[in-house]
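**Student:** mmCIF, C-alpha atoms, file work.cif:
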data_my_file
#
loop_
_atom_site.label_atom_id
_atom_site.label_comp_id
_atom_site.auth_asym_id
_atom_site.auth_seq_id
_atom_site.Cartn_x
_atom_site.Cartn_y
_atom_site.Cartn_z
CA MET C 10 36.46 40.97 113.21
CA SER C 11 37.66 37.47 114.05
CA CYS C 12 38.76 38.69 117.48
CA PHE C 13 35.26 40.05 118.07
CA PHE C 14 33.75 36.75 116.93
CA LEU C 15 35.92 34.72 119.31
CA GLY C 16 34.85 36.84 122.24
CA ALA C 17 31.22 36.62 121.19
CA VAL C 18 31.35 32.83 120.99
CA GLU C 19 33.01 32.56 124.38
CA ARG C 20 30.49 34.90 125.99
CA MET C 21 27.57 33.06 124.36
CA GLY C 22 28.83 29.81 125.87
CA GLU C 23 28.94 31.42 129.31
CA ASP C 24 25.43 32.83 128.88
CA MET C 25 24.09 29.44 127.78
CA ILE C 26 25.53 27.84 130.90
CA SER C 27 24.12 30.56 133.16
CA GLY C 28 20.74 30.51 131.41
CA SER C 29 20.98 34.16 130.38
CA LEU C 30 21.31 33.77 126.62
CA LEU C 31 18.35 36.11 126.07
CA VAL C 32 20.40 38.98 127.46
CA PHE C 33 23.60 38.01 125.65
CA ARG C 34 25.95 40.98 125.29
CA PRO C 35 28.80 40.72 122.79
CA PRO C 36 32.26 41.66 124.07
CA GLY C 37 33.09 45.32 123.77
CA PHE C 38 29.52 46.46 124.40
CA PRO C 39 28.77 48.51 127.53
CA GLY C 40 28.28 46.25 130.52
CA SER C 41 29.87 43.23 128.89
CA PRO C 42 32.33 41.26 131.03
CA LYS C 43 35.92 40.92 129.99
CA SER C 44 36.71 37.92 127.78
CA SER C 45 39.99 36.15 127.20
CA TYR C 46 39.21 36.64 123.50
CA ASN C 47 38.06 40.26 123.60
CA CYS C 48 39.51 42.73 121.16
CA GLU C 49 42.07 43.96 123.65
CA ASN C 50 43.78 40.58 123.24
CA ARG C 51 44.42 40.12 119.54
CA ARG C 52 46.31 36.81 119.75
CA GLY C 53 43.17 34.69 119.50
CA GLY C 54 41.78 36.78 116.67
CA THR C 55 45.03 36.67 114.72
CA ALA C 56 45.27 32.90 115.16
CA MET C 57 41.73 32.44 113.94
CA THR C 58 42.48 34.62 110.93
CA TYR C 59 45.44 32.42 110.02
CA LEU C 60 43.37 29.27 110.56
CA ILE C 61 40.58 30.41 108.28
CA LEU C 62 42.92 31.94 105.69
CA GLY C 63 44.95 28.74 105.59
CA LEU C 64 41.84 26.62 105.12
CA ILE C 65 40.62 28.88 102.31
CA ILE C 66 43.97 28.64 100.51
CA PHE C 67 44.35 24.89 101.09
CA PHE C 68 40.85 23.89 100.07
CA GLY C 69 40.73 26.54 97.38
CA ALA C 70 43.58 24.75 95.62
CA HIS C 71 41.96 21.35 96.12
CA LEU C 72 38.50 22.42 94.98
CA PHE C 73 39.90 24.27 91.99
CA SER C 74 41.60 21.05 90.96
CA ALA C 75 38.44 19.05 91.59
CA PHE C 76 36.17 21.29 89.52
CA ARG C 77 38.56 22.48 86.81
CA SER C 78 37.55 21.81 83.23
CA ARG C 79 39.04 18.64 81.81
CA ALA C 80 37.85 19.31 78.26
CA PRO C 81 40.59 19.11 75.60
CA GLY C 82 42.14 22.52 75.11
CA ARG C 83 40.58 23.92 78.28
CA ASP C 84 42.31 21.90 80.98
CA ILE C 85 44.75 24.23 82.73
CA ARG C 86 46.90 21.25 83.69
CA GLU C 87 47.42 20.45 80.02
CA LYS C 88 48.18 24.09 79.23
CA LEU C 89 50.76 24.50 82.00
CA GLY C 90 52.12 20.97 81.81
CA TYR C 91 51.74 18.31 84.47
CA GLY C 92 54.96 19.17 86.33
CA PRO C 93 54.45 22.96 86.62
CA TYR C 94 50.78 22.51 87.49
CA MET C 95 51.48 20.01 90.26
CA GLY C 96 54.35 22.14 91.53
CA LEU C 97 52.11 25.20 91.82
CA TYR C 98 49.29 23.12 93.32
CA THR C 99 51.65 21.65 95.91
CA LEU C 100 53.14 25.04 96.78
CA VAL C 101 49.76 26.70 97.31
CA SER C 102 48.50 23.73 99.33
CA ALA C 103 51.64 23.76 101.49
CA VAL C 104 51.21 27.46 102.25
CA GLY C 105 47.60 26.87 103.28
CA LEU C 106 48.58 23.84 105.34
CA GLY C 107 51.23 25.76 107.23
CA LEU C 108 48.89 28.66 107.94
CA PHE C 109 45.99 26.61 109.25
CA LEU C 110 48.20 24.33 111.35
CA TRP C 111 49.78 27.37 112.99
CA GLY C 112 46.43 29.06 113.49
CA PHE C 113 44.87 25.90 114.90
CA GLY C 114 47.58 25.51 117.52
CA ALA C 115 47.81 29.20 118.36
CA MET C 116 44.07 29.42 119.07
CA ARG C 117 44.46 27.27 122.16
CA PRO C 118 42.76 27.62 124.54
CA ALA C 119 39.77 28.11 122.25
CA PRO C 120 36.15 28.76 123.24
CA ILE C 121 34.23 25.54 123.85
CA LEU C 122 31.11 25.18 121.72
CA TYR C 123 30.07 21.83 123.19
CA THR C 124 31.46 19.29 125.64
CA PRO C 125 31.30 15.76 124.20
CA PRO C 126 30.68 12.81 126.52
CA ALA C 127 33.88 10.96 127.41
CA GLY C 128 32.74 7.91 125.48
CA LEU C 129 32.92 9.78 122.17
CA ALA C 130 36.67 10.25 122.56
CA HIS C 131 37.00 6.48 122.80
CA LEU C 132 34.72 6.05 119.79
CA ASN C 133 36.94 8.43 117.84
CA LEU C 134 39.93 6.30 118.79
CA VAL C 135 38.19 3.24 117.34
CA LEU C 136 37.19 5.06 114.13
CA MET C 137 40.75 6.13 113.39
CA LEU C 138 41.91 2.57 112.67
CA PRO C 139 39.60 1.97 109.66
CA ALA C 140 40.23 5.56 108.56
CA LEU C 141 43.98 4.94 108.35
CA ILE C 142 43.51 1.58 106.64
CA LEU C 143 41.29 3.25 104.03
CA LEU C 144 43.81 6.05 103.59
CA ALA C 145 46.53 3.47 102.94
CA ALA C 146 44.24 1.63 100.52
CA ALA C 147 44.11 4.74 98.35
CA TYR C 148 47.83 4.39 97.62
CA THR C 149 48.32 0.63 97.45
CA PRO C 150 47.50 -1.64 94.49
CA THR C 151 43.76 -2.01 94.00
CA GLY C 152 42.37 -4.64 96.33
CA ARG C 153 38.91 -5.55 97.53
CA ILE C 154 38.91 -2.65 99.99
CA ARG C 155 39.57 -0.03 97.34
CA LYS C 156 37.19 -1.62 94.86
CA ALA C 157 34.35 -1.76 97.40
CA VAL C 158 34.84 1.76 98.78
CA LYS C 159 35.66 3.34 95.36
CA HIS C 160 37.34 6.43 96.80
CA PRO C 161 38.98 5.28 100.03
CA MET C 162 40.89 8.50 100.68
CA LEU C 163 37.72 10.60 100.76
CA VAL C 164 35.97 8.05 102.96
CA ALA C 165 39.00 8.10 105.27
CA VAL C 166 38.86 11.90 105.50
CA LYS C 167 35.14 11.78 106.29
CA ILE C 168 35.63 9.23 109.07
CA TRP C 169 38.65 11.11 110.46
CA ALA C 170 36.88 14.48 110.45
CA PHE C 171 33.58 13.14 111.79
CA GLY C 172 35.31 11.22 114.57
CA HIS C 173 37.26 14.29 115.66
CA LEU C 174 34.11 16.42 115.61
CA LEU C 175 32.51 13.88 117.94
CA ALA C 176 35.43 14.08 120.34
CA ASN C 177 36.31 17.79 120.21
CA GLY C 178 34.02 20.72 120.88
CA GLU C 179 36.53 23.58 120.81
CA LEU C 180 35.97 26.29 118.22
CA ASN C 181 39.27 25.70 116.43
CA SER C 182 38.56 21.95 116.19
CA VAL C 183 35.04 22.49 114.87
CA ILE C 184 36.32 24.88 112.20
CA LEU C 185 39.18 22.59 111.16
CA PHE C 186 37.46 19.21 111.15
CA GLY C 187 34.18 20.63 109.88
CA SER C 188 36.05 22.10 106.92
CA PHE C 189 37.67 18.76 106.10
CA LEU C 190 34.33 16.96 106.34
CA GLY C 191 32.68 19.51 104.08
CA TYR C 192 35.53 19.30 101.58
CA ALA C 193 35.34 15.50 101.40
CA VAL C 194 31.60 15.65 100.69
CA ILE C 195 32.03 18.32 98.00
CA ASP C 196 34.95 16.51 96.37
CA ARG C 197 32.93 13.30 96.20
CA ILE C 198 30.18 15.23 94.42
CA ALA C 199 32.76 16.56 91.96
CA LEU C 200 34.05 13.05 91.27
CA LYS C 201 30.54 11.77 90.66
CA LYS C 202 29.78 14.73 88.41
CA ARG C 203 32.67 13.90 86.11
CA GLY C 204 31.87 10.18 86.12
CA ASP C 205 34.74 8.99 88.28
CA ASN C 206 33.33 6.01 90.16
CA GLY C 207 36.61 4.51 91.24
CA PRO C 208 37.98 1.20 89.97
CA ALA C 209 36.02 -0.37 87.12
CA PRO C 210 33.74 -3.27 88.10
CA ASP C 211 35.86 -5.70 86.08
CA ALA C 212 39.19 -4.33 87.35
CA PRO C 213 41.47 -7.04 88.73
CA VAL C 214 42.07 -7.00 92.46
CA SER C 215 45.27 -7.74 94.33
CA ALA C 216 45.25 -9.46 97.69
CA MET C 217 48.62 -7.84 98.33
CA GLY C 218 46.95 -4.46 98.01
CA ASP C 219 44.60 -5.27 100.88
CA ILE C 220 47.38 -6.80 102.97
CA ALA C 221 49.55 -3.74 102.43
CA ALA C 222 46.68 -1.36 103.25
CA VAL C 223 45.89 -3.14 106.51
CA GLY C 224 49.55 -3.41 107.49
CA ILE C 225 50.35 0.22 106.72
CA GLY C 226 47.13 1.41 108.35
CA VAL C 227 47.75 -0.49 111.57
CA ALA C 228 51.38 0.66 111.70
CA ALA C 229 50.34 4.28 111.13
CA TYR C 230 47.67 3.95 113.82
CA LEU C 231 50.15 2.72 116.41
CA PHE C 232 52.71 5.34 115.33
CA LEU C 233 50.20 8.15 115.82
CA LEU C 234 48.67 6.70 118.95
CA PHE C 235 51.83 6.21 120.94
CA TRP C 236 54.23 8.78 119.52
CA PHE C 237 53.50 11.21 116.70
CA HIS C 238 50.04 12.59 117.54
CA PRO C 239 51.25 14.50 120.63
CA ILE C 240 54.20 15.87 118.64
CA LEU C 241 52.04 16.91 115.70
CA THR C 242 49.12 18.40 117.62
CA GLY C 243 50.38 18.94 121.15
CA MET C 244 47.52 16.75 122.39
CA PRO C 245 47.66 13.09 123.49
CA ALA C 246 45.81 10.66 121.25
CA LEU C 247 44.74 8.46 124.14
CA PRO C 248 41.77 9.90 126.06
CA ALA C 249 42.33 10.57 129.73
#
Would you write out, as structure tokens, the structure that this file holds?
**Tutor:**
Amino acid sequence: MSCFFLGAVERMGEDMISGSLLVFRPPGFPGSPKSSYNCENRRGGTAMTYLILGLIIFFGAHLFSAFRSRAPGRDIREKLGYGPYMGLYTLVSAVGLGLFLWGFGAMRPAPILYTPPAGLAHLNLVLMLPALILLAAAYTPTGRIRKAVKHPMLVAVKIWAFGHLLANGELNSVILFGSFLGYAVIDRIALKKRGDNGPAPDAPVSAMGDIAAVGIGVAAYLFLLFWFHPILTGMPALPA
């Protein structure tokens, strides 16, 4: 099914370019041209299956944790114990992470849904710096950044995912980054529903927390930009 879908998306893109979308013929139908993602080539379909399955497992664990009951006597974390619960949560998340990372890479080259202007890749590059600073702020002592943003990790994920959607129009990228953006929005709703509004208004702030967040964020940005991003994703961080 996923193999069929990949071929259909690729063919639709070709028909849109040629202006013949009204006579779009899915791959495998009589008269349809061969596609690099048709069902005779199952690599793309298998990769997409792993990508989607991994995302379901990964976000399934995260959303279960976000929406689980926290009422006394009903919280599964209390029943299992913090250590076993977090161990199981981490294991399931790691399995999902491994599956979707493999599927994401194995889908290349993926059908192109849209071709962003070159300037959006540069905009994404700019957005990643505040995203990484906010991500660091989620794990440093509460400073003005964390207090103002309330949930800096979720804001960082939203910026990261949105920026990458601006810069990447391939099917695998849209699925991956769109899923992260959707998750961050849903998780924020879950936090609001249970009354978690971040640091209390009268919570003390630490200047060292902000300094650490900025320092770690900038260091991580440079690390990814000039070294680790190509290793992690196989793609250069700097736009051509």
**Student:** One number please: atom CA of Pro239 of chain C to atom CA of Leu100 of chain C, in Å, one decimal.
**Tutor:**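 Distance reported for this atom pair: 26.1 Å.
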**Student:** For a cut-off of 10 Å around (29.9, 10.7, 118.2), file coordinates, pick out all residues using all atoms listed in the file and list them as a compact mmCIF listing (two decimals) with C-alpha atoms, in the frame of the given file.
**Tutor:**
# COMPACT_ATOMS: atom_id res chain seq x y z
CA PRO C 125 31.30 15.76 124.20
CA PRO C 126 30.68 12.81 126.52
CA GLY C 128 32.74 7.91 125.48
CA LEU C 129 32.92 9.78 122.17
CA ALA C 130 36.67 10.25 122.56
CA HIS C 131 37.00 6.48 122.80
CA LEU C 132 34.72 6.05 119.79
CA ASN C 133 36.94 8.43 117.84
CA PHE C 171 33.58 13.14 111.79
CA GLY C 172 35.31 11.22 114.57
CA HIS C 173 37.26 14.29 115.66
CA LEU C 174 34.11 16.42 115.61
CA LEU C 175 32.51 13.88 117.94
CA ALA C 176 35.43 14.08 120.34
CA ASN C 177 36.31 17.79 120.21
**Student:** Quick one: pull the distance between atom CA of Ala147 of chain C and atom CA of Tyr230 of chain C, Å, one decimal.
**Tutor:**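 Pair atom CA of Ala147 of chain C / atom CA of Tyr230 of chain C returns 15.9 Å.
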**Student:** Given all atoms listed in the file as the basis, pick out the residue of C:Gly96, C:Gly107, C:Gly82, C:Pro150 nearest to Val214 of chain C.
**Tutor:**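 Closest to Val214 of chain C, using all atoms listed in the file: C:Pro150.
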**Student:** For each of C:Leu200, C:Ile168, C:Leu89, C:Ile184, take the minimum atom-to-atom distance to Ile65 of chain C, counting all atoms listed in the file, then give the residue where this is smallest.
**Tutor:** C:Ile184
**Student:** Residues within 10 Å of Pro213 of chain C, please, as a VMD selection string. Count all atoms listed in the file; anything in the same chain fewer than 6 positions from it doesn't count.
**Tutor:** chain C and resid 150 to 153 156
**Student:** Between atom CA of Ile240 of chain C and atom CA of Ser182 of chain C, measure the distance and give it in Å to one decimal.
**Tutor:**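 About the pair atom CA of Ile240 of chain C and atom CA of Ser182 of chain C: they are 17.0 Å apart.
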**Student:** Take the point (46.3, 10.8, 114.4) in the file's coordinates, draw a sphere of radius 9 Å around it, and report as a list of chain:residue names every protein, DNA or RNA residue with an atom inside or on it, counting all atoms listed in the file.
**Tutor:**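 These residues have at least one counted atom within 9 Å: C:Leu134, C:Met137, C:Leu141, C:Trp169, C:Ala229, C:Tyr230, C:Phe232, C:Leu233, C:Leu234, C:Phe237, C:His238, C:Pro239, C:Leu241, C:Thr242, C:Ala246.
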**Student:** Given the file above and the PyMOL selection byres ((chain C and resi 221) around 12), which residues are selected, and can you give them as number ranges by chain?
**Tutor:** C: 141-155, 215-220, 222-229
**Student:** For the provided coordinates, the residues matched by the PyMOL selection byres ((chain C and resi 178) around 6) should be stated as a list in words.
**Tutor:**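 On the file shown, the PyMOL selection byres ((chain C and resi 178) around 6) covers Ile121, Leu122, Tyr123, Thr124, Asn177 and Glu179 of chain C.
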**Student:** Padding 6 Å on every side, please: axis-aligned box over the listed atoms of segment 218-236 of chain C, centre and edge lengths to one decimal in Å, as AutoDock Vina command-line options.
**Tutor:**
--center_x 49.4 --center_y 1.0 --center_z 109.5 --size_x 21.6 --size_y 27.6 --size_z 34.9
**Student:** What's the 6 Å shell around Gly207 of chain C, counting only C-alpha atoms, without same-chain residues fewer than 2 positions away, as a ChimeraX atom specification?
**Tutor:** /C:159-160,205
**Student:** Pick the closest to Leu163 of chain C from C:Leu185, C:Val194, C:Met116, C:Leu180: which is it, counting only C-alpha atoms?
**Tutor:**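 Once distances to Leu163 of chain C are computed over only C-alpha atoms, the minimum belongs to C:Val194.
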